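**Q** The structure that follows is given in the form of structure tokens.
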Amino acid sequence: MGKSKQIKNHNNGRKKNIAKTWKTKRRTKDLDEIHSDMKPETASKLLKQPVDFDVTGCAQNYCLHCARYFVDLNSMKEHFKTKVHKRRLKKLRDEPYSQAEAERAAGMGSYVPHKVMEVKTQPIEEEMKTE
């Protein structure tokens with residue numbers, strides 16, 4: 001398959017590069033998947049992964065909220081200060097959409113206000129060795 005043809009150059013409520021939105025190469029985890037990863041038993045497995053040489057940083061520096069691996073601890077600390085990470089934390093405050101909420105929206109139950117969770121940046125384990 002070839003690239004999709006770009007029709008207009010002006011942004012009239014459309015994405016400029018259509019082909020980039022169709023690709024799934026840069027697709028990240030959805031918020032409900034990250035919420036399931038934030039459960040304590042799953043989070044401990046993700047934060048303490050065995051060494052894997054095929055993954056960036058040997059799978060030792062993982063941001064739980066953004067689902068990203070980092071080369072070293074310093075780059076992960078810098079990531080915690082970025083707007084991308086702070087926006088993701090803000091999005092994760094909302095409780096994930098559930099089947100029970102969908103049924104209430106369809107009129108099959110009484111209204112329950114949306115819950116807001118407190119999400120904080122994961123703790124960093126300082127394992128910097130002095131050389």
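Chain labels A, B, ... are given in the sequence in which chains occur in the structure tokens; within each chain residues are numbered consecutively from 1, and ligands are likewise numbered from 1 in the order shown.
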Please identify all polymer residues within 12 Å of Lys90 in chain A, counting only C-alpha atoms, omitting same-chain residues fewer than 6 positions from it, and present them as a list in words.
**A** Leu31, His65, Cys66, Lys83, Val84, Val116, Met117, Glu118, Val119, Lys120 and Thr121 of chain A
**Q** Which residue gives the smallest distance to Pro123 in chain A among A:Gln49, A:Asn61, A:Thr56, A:Thr82, with only C-alpha atoms counted?
**A**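 Of all the options, A:Asn61 lies closest to Pro123 in chain A.
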**Q** Which residue is closest to Arg27 in chain A? Choose from A:His79, A:Pro50, A:Arg68, A:Gln122 and count only C-alpha atoms.
**A**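 Smallest distance to Arg27 in chain A is found for A:Arg68.
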**Q** Which distance in Å separates CA of Pro96 in chain A and CA of Asp32 in chain A, to one decimal?
**A** 5.5 Å
